[in-house]
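**Q** Pasting a structure here, questions to come.
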Amino acid sequence: METIIKLLDENDLDLKILEQAGKIINNKGLVVFPTETVYGLGANALEEEAVKKIFIAKGRPQDNPLIVHISDFDMLNICAKDINEVAFKIMEKFFPGPITLILNKSDKIPKVTSANLDTIGVRMPSNKIARALIKKAGVPIAAPSANISGRPSPTDVERCIEDLDTRVDLIIGGGMCEVGLESTIVDLTVTPPCILRPGKITLEMLKEIEPNIYIDKGLIIDSSEKPKAPGMKYKHYAPKAEVKIVQGDMKKTIAKINEMVQNYKGNKISVGIMATEETKDFYKDGIVISMGTRNDLSSIGKNLFETLRSFDDKKVDVIISESFYEEDFGLAIMNRLKKSAGFNIIKV
Ligand code: TXA
Ligand code: MG
């Protein structure tokens with residue numbers, strides 16, 4: 001199919017294009033749109049036929065449920081039922097924003113959207129283009145990240161075009177995503193609530209509302225438990241190059257990475273290094289990209305997926321990344337990095 005591509009300004013919305021996009025959703029078509037986390041691949045969450053197209057366009061396994069996106073609280077009851085007090089408190093504080101709540105699914109949402117689960121992920125994005133699109137469509141929009149299954153999530157429109165051109169009806173560009181990593185997922189159907197995917201809204205922030213909230217043990221490395229979010233079991237965020245993480249003391253990390261690069265060089269293997277402003281000048285060889293500063297982990301999160309993808313453009317064989325403390329937003333960063341590396345971690 002021919003894909004229409006339109007670029008929008010979040011602060012000066014082109015209502016004509018949004019109207020066209022809303023119509024495509026209402027006609028069971030697919031629209032890629034920006035959110036504050038990553039770009040989404042959207043369809044009418046209430047229409048089985050439309051939702052099925054998402055799975056085909058992405059090559060997504062049928063047993064991996066989708067998140068539904070709402071523009072306002074009126075849409076909440078279309079998606080979920082029996083919502084508890086803690087859930088309302090979290091929504092009050094963090095909606096709209098980069099967080100998804102797992103709630104009991106309403107009967108209006110077809111089973112294909114939730115991959116047969118009785119629960120449903122609900123999120124109200126803060127990005128104005130996303131909100132306006134949902135409002136124009138007048139229905140909740142089911143949307144996974146707008147990448148081919150398994151690839152790093154797209155944080156800019158070029159990456160969506162790269163993956164989904166000719167597979168969707170419309171791609172709306174809206175600049176680079178603010179957060180750069182997908183929403184925090186919190187399961188509110190269990191007591192106490194459980195974080196299934198770490199993100200910008202951190203454990204510490206959520207504990208202010210519910211002190212007993214905890215991180216799914218399946219997300220913690222070396223744990224024998226399986227992750228509870230179905231999607232977390234799949235190969236994920238993987239660029240074409242092999243990814244390795246070096247973890248430990250900063251000085252030792254730099255020395256180890258320099259040593260690895262020299263070894264690779266001897267074998268004619270090209271290497272990309274995922275570094276930071278504080279460390280980038282210490283690497284003597286290889287292609288070095290600084291993702292941002294360690295003083296502001298937001299900058300790292302924002303550039304993480306784009307850095308992985310840009311090393312593929314440069315056709316490197318191996319990507320070596322520094323690591324970050326696994327606390328606050330660093331937990332989300334390391335979660336994505338480790339998955340992209342298939343847990344290939346070298347401790348120093
Ligand atoms: O930031 C985001 O959440 C982005 C943007 C587009 O909103 N969306 C996103 O969707 O990351 P996706 O499909 O790439 O990831 C959704 C994750 C998957 O791991 C899926 O298994 C999990 O959420 N999930 C969805 N519904 C669930 C449910 N009812 N119970 C447990 N996990 C669920
Ligand atoms: Mg995804």
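Residue numbering restarts at 1 in every chain; chains get A, B, ... in the order shown in the structure tokens, and ligands count up from 1 in that same order.
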Any chance you could list, as a PyMOL selection string, the residues in segment 130-245 of chain A that come up strand (DSSP E) when DSSP is run on the backbone?
**A** chain A and resi 141-142+170-173+184-187+194-197+214-215+242-245
**Q** Neighbouring residues of segment 199-204 of chain A were defined as those with any atom within 8 Å, considering only C-alpha atoms; residues of the same chain fewer than 2 positions away were excluded. Please report them as a compact mmCIF listing (two decimals) with C-alpha atoms, in the first residue's frame.
**A**
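The result, written out as part.txt:
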```txt
# COMPACT_ATOMS: atom_id res chain seq x y z
CA PRO A 98 4.63 8.15 30.21
CA ILE A 99 2.86 5.45 32.24
CA VAL A 179 11.51 10.46 26.89
CA LEU A 181 12.02 4.85 26.27
CA GLU A 182 8.57 3.24 26.47
CA SER A 183 6.14 3.96 29.28
CA THR A 184 6.42 2.50 32.77
CA ILE A 185 3.92 -0.37 33.07
CA ILE A 195 5.95 -2.67 37.97
CA ARG A 197 8.36 -2.48 32.82
CA LEU A 206 5.14 5.48 42.53
CA LYS A 207 6.04 4.54 46.11
CA GLU A 208 4.87 7.99 47.16
CA ILE A 213 4.61 -1.27 45.07
CA TYR A 214 7.48 -3.45 43.80
CA ILE A 215 9.41 -4.39 40.64
CA ASP A 328 15.67 5.76 39.27
CA PHE A 329 15.52 6.25 35.48
CA LEU A 331 16.77 1.14 35.86
CA ALA A 332 14.77 1.69 32.65
CA ILE A 333 17.91 2.52 30.67
```
**Q** Residues contacting ligand 2 - anything with an atom at most 9 Å away, using only C-alpha atoms and all ligand atoms - can you give me those as a list in words?
**A**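 Checked against 9 Å with only C-alpha atoms and all ligand atoms; the hits are Val38, Gly40, Pro144, Ser145, Ala146, Asn147, Ile148, Ser149, Gly150, Arg151, Pro152, Ser153, Glu182, Gly231, His236 and Tyr237 of chain A.
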**Q** Using only C-alpha atoms, which residues sit within 12 Å of Gln262 of chain A once same-chain residues fewer than 5 positions away are excluded, as a list in words?
**A**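 These residues fall inside the cut-off: Ala255, Lys256, Ile257, Asn267, Lys268, Ile269, Ser270, Val271, Tyr283, Lys284, Asp285 and Gly286 of chain A.
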**Q** Would you list the contacts of segment 297-311 of chain A as a ChimeraX atom specification, taking every protein, DNA or RNA residue within 9 Å and counting only C-alpha atoms, but skipping same-chain residues closer than 4 positions in sequence?
**A** /A:37,151-156,159,176-181,200,237-241,243,271-274,276,287,289-293,315-319,324,329-330,332-333,336-337,340
**Q** I'd like the neighbourhood of Thr113 of chain A as a VMD selection string, where a residue qualifies if any of its atoms comes within 9 Å (using only C-alpha atoms), though same-chain residues fewer than 2 positions away should be ignored.
**A** chain A and resid 45 to 48 51 to 52 64 to 68 109 to 111 115 to 117 120 142
**Q** Using DSSP on the backbone coordinates, identify all residues within segment 154-247 of chain A classified as helix (DSSP H, G or I); present the result as a VMD selection string.
**A** chain A and resid 157 to 164 203 to 207 217 to 219 230 to 233
**Q** Put those residues in a file: all heavy atoms, as a short mmCIF file (atom, residue, chain, number, x, y, z; two decimals), in the first residue's frame.
**A**
```
data_model
loop_
_atom_site.label_atom_id
_atom_site.label_comp_id
_atom_site.auth_asym_id
_atom_site.auth_seq_id
_atom_site.Cartn_x
_atom_site.Cartn_y
_atom_site.Cartn_z
N VAL A 157 10.79 10.15 13.33
CA VAL A 157 9.92 9.69 12.24
C VAL A 157 10.68 8.90 11.17
O VAL A 157 10.14 7.95 10.59
CB VAL A 157 9.11 10.86 11.63
CG1 VAL A 157 10.03 11.85 10.92
CG2 VAL A 157 8.04 10.36 10.69
N GLU A 158 11.95 9.25 10.93
CA GLU A 158 12.72 8.54 9.89
C GLU A 158 12.78 7.05 10.19
O GLU A 158 12.77 6.22 9.29
CB GLU A 158 14.15 9.07 9.79
CG GLU A 158 14.29 10.38 9.02
CD GLU A 158 13.83 11.56 9.82
OE1 GLU A 158 13.84 11.46 11.07
OE2 GLU A 158 13.43 12.58 9.22
N ARG A 159 12.88 6.72 11.46
CA ARG A 159 12.98 5.30 11.85
C ARG A 159 11.66 4.57 11.62
O ARG A 159 11.63 3.37 11.33
CB ARG A 159 13.40 5.17 13.32
CG ARG A 159 14.74 5.81 13.63
CD ARG A 159 15.83 5.27 12.73
NE ARG A 159 17.13 5.86 13.04
CZ ARG A 159 18.23 5.60 12.33
NH1 ARG A 159 18.19 4.81 11.28
NH2 ARG A 159 19.38 6.17 12.66
N CYS A 160 10.54 5.30 11.77
CA CYS A 160 9.23 4.69 11.51
C CYS A 160 9.10 4.41 10.01
O CYS A 160 8.60 3.36 9.60
CB CYS A 160 8.10 5.63 11.94
SG CYS A 160 8.14 6.07 13.66
N ILE A 161 9.57 5.38 9.22
CA ILE A 161 9.50 5.22 7.76
C ILE A 161 10.36 4.02 7.35
O ILE A 161 9.93 3.17 6.56
CB ILE A 161 9.96 6.51 7.05
CG1 ILE A 161 9.01 7.68 7.41
CG2 ILE A 161 10.02 6.31 5.53
CD1 ILE A 161 9.48 9.05 6.96
N GLU A 162 11.56 3.96 7.94
CA GLU A 162 12.48 2.85 7.67
C GLU A 162 11.79 1.49 7.89
O GLU A 162 11.91 0.58 7.08
CB GLU A 162 13.62 2.99 8.68
CG GLU A 162 14.93 2.33 8.36
CD GLU A 162 15.98 2.77 9.40
OE1 GLU A 162 16.48 3.90 9.29
OE2 GLU A 162 16.24 1.99 10.34
N ASP A 163 11.06 1.37 8.98
CA ASP A 163 10.45 0.07 9.35
C ASP A 163 9.09 -0.16 8.70
O ASP A 163 8.75 -1.30 8.37
CB ASP A 163 10.28 -0.03 10.88
CG ASP A 163 11.57 -0.44 11.58
OD1 ASP A 163 12.65 -0.29 10.97
OD2 ASP A 163 11.49 -0.90 12.74
N LEU A 164 8.28 0.90 8.55
CA LEU A 164 6.86 0.66 8.26
C LEU A 164 6.33 1.28 6.97
O LEU A 164 5.13 1.17 6.68
CB LEU A 164 6.00 1.12 9.45
CG LEU A 164 6.24 0.35 10.75
CD1 LEU A 164 5.47 0.97 11.90
CD2 LEU A 164 5.85 -1.12 10.60
N LEU A 203 10.03 3.76 40.24
CA LEU A 203 9.57 3.06 41.44
C LEU A 203 9.44 4.06 42.61
O LEU A 203 8.43 4.06 43.32
CB LEU A 203 10.57 1.97 41.81
CG LEU A 203 10.37 1.25 43.14
CD1 LEU A 203 9.10 0.40 43.10
CD2 LEU A 203 11.57 0.37 43.49
N GLU A 204 10.45 4.91 42.75
CA GLU A 204 10.45 5.87 43.86
C GLU A 204 9.25 6.81 43.76
O GLU A 204 8.61 7.12 44.76
CB GLU A 204 11.76 6.68 43.84
CG GLU A 204 13.01 5.88 44.19
CD GLU A 204 13.48 4.92 43.09
OE1 GLU A 204 13.01 5.05 41.93
OE2 GLU A 204 14.29 4.02 43.39
N MET A 205 8.95 7.27 42.55
CA MET A 205 7.82 8.18 42.36
C MET A 205 6.49 7.49 42.69
O MET A 205 5.59 8.06 43.30
CB MET A 205 7.79 8.70 40.91
CG MET A 205 8.93 9.64 40.58
SD MET A 205 9.27 9.71 38.81
CE MET A 205 8.08 10.90 38.29
N LEU A 206 6.38 6.22 42.30
CA LEU A 206 5.14 5.48 42.53
C LEU A 206 4.97 5.09 43.99
O LEU A 206 3.85 5.00 44.50
CB LEU A 206 5.10 4.24 41.63
CG LEU A 206 4.89 4.58 40.15
CD1 LEU A 206 5.31 3.43 39.25
CD2 LEU A 206 3.43 4.96 39.88
N LYS A 207 6.10 4.90 44.68
CA LYS A 207 6.04 4.54 46.11
C LYS A 207 5.44 5.66 46.94
O LYS A 207 4.93 5.42 48.04
CB LYS A 207 7.45 4.22 46.61
CG LYS A 207 7.82 2.78 46.38
CD LYS A 207 9.01 2.37 47.20
CE LYS A 207 9.12 0.85 47.20
NZ LYS A 207 10.39 0.38 47.72
N LYS A 217 9.96 -9.43 39.73
CA LYS A 217 11.24 -10.13 39.92
C LYS A 217 11.82 -10.64 38.61
O LYS A 217 13.01 -10.77 38.44
CB LYS A 217 11.06 -11.31 40.88
CG LYS A 217 10.52 -10.89 42.23
CD LYS A 217 11.43 -11.31 43.35
CE LYS A 217 11.08 -10.69 44.69
NZ LYS A 217 9.78 -10.06 44.83
N GLY A 218 10.94 -10.92 37.66
CA GLY A 218 11.38 -11.41 36.36
C GLY A 218 12.22 -10.40 35.59
O GLY A 218 12.87 -10.72 34.61
N LEU A 219 12.18 -9.13 36.02
CA LEU A 219 12.96 -8.10 35.33
C LEU A 219 14.36 -7.99 35.90
O LEU A 219 15.22 -7.30 35.36
CB LEU A 219 12.28 -6.72 35.47
CG LEU A 219 10.90 -6.60 34.86
CD1 LEU A 219 10.40 -5.18 34.98
CD2 LEU A 219 10.94 -7.01 33.40
N PRO A 230 3.80 -10.16 28.93
CA PRO A 230 4.10 -11.14 27.88
C PRO A 230 5.21 -10.67 26.93
O PRO A 230 6.06 -11.47 26.53
CB PRO A 230 2.76 -11.26 27.14
CG PRO A 230 1.73 -10.91 28.16
CD PRO A 230 2.37 -9.88 29.04
N GLY A 231 5.21 -9.37 26.61
CA GLY A 231 6.18 -8.87 25.63
C GLY A 231 7.62 -8.91 26.10
O GLY A 231 8.54 -8.90 25.30
N MET A 232 7.82 -8.97 27.41
CA MET A 232 9.18 -8.88 27.93
C MET A 232 9.98 -10.16 27.70
O MET A 232 11.18 -10.20 27.91
CB MET A 232 9.18 -8.50 29.42
CG MET A 232 8.56 -7.15 29.73
SD MET A 232 9.27 -5.77 28.79
CE MET A 232 10.48 -5.14 29.96
N LYS A 233 9.31 -11.22 27.29
CA LYS A 233 10.04 -12.47 27.08
C LYS A 233 10.68 -12.54 25.68
O LYS A 233 11.56 -13.32 25.43
CB LYS A 233 9.13 -13.68 27.32
CG LYS A 233 8.07 -13.89 26.26
CD LYS A 233 7.33 -15.21 26.52
CE LYS A 233 6.31 -15.51 25.45
NZ LYS A 233 4.94 -15.12 25.77
#
```
**Q** Would you please work out which residue, of A:Lys244, A:Lys93, A:Lys23, A:Lys338, is nearest to Glu326 of chain A when using only C-alpha atoms?
**A**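 Checking each candidate against Glu326 of chain A, we get A:Lys338 as the closest.
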**Q** Taking only C-alpha atoms and all ligand atoms into account, which of A:Asp63, A:Glu278, A:Glu322, A:Asp312 comes nearest ligand 1?
**A**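 Counting only C-alpha atoms and all ligand atoms, the residue closest to ligand 1 is A:Asp63.
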**Q** Counting only C-alpha atoms, figure out which residue out of A:Asn295, A:Gln20, A:Asn258, A:Ser114 gets nearest to Ala137 of chain A.
**A** A:Gln20
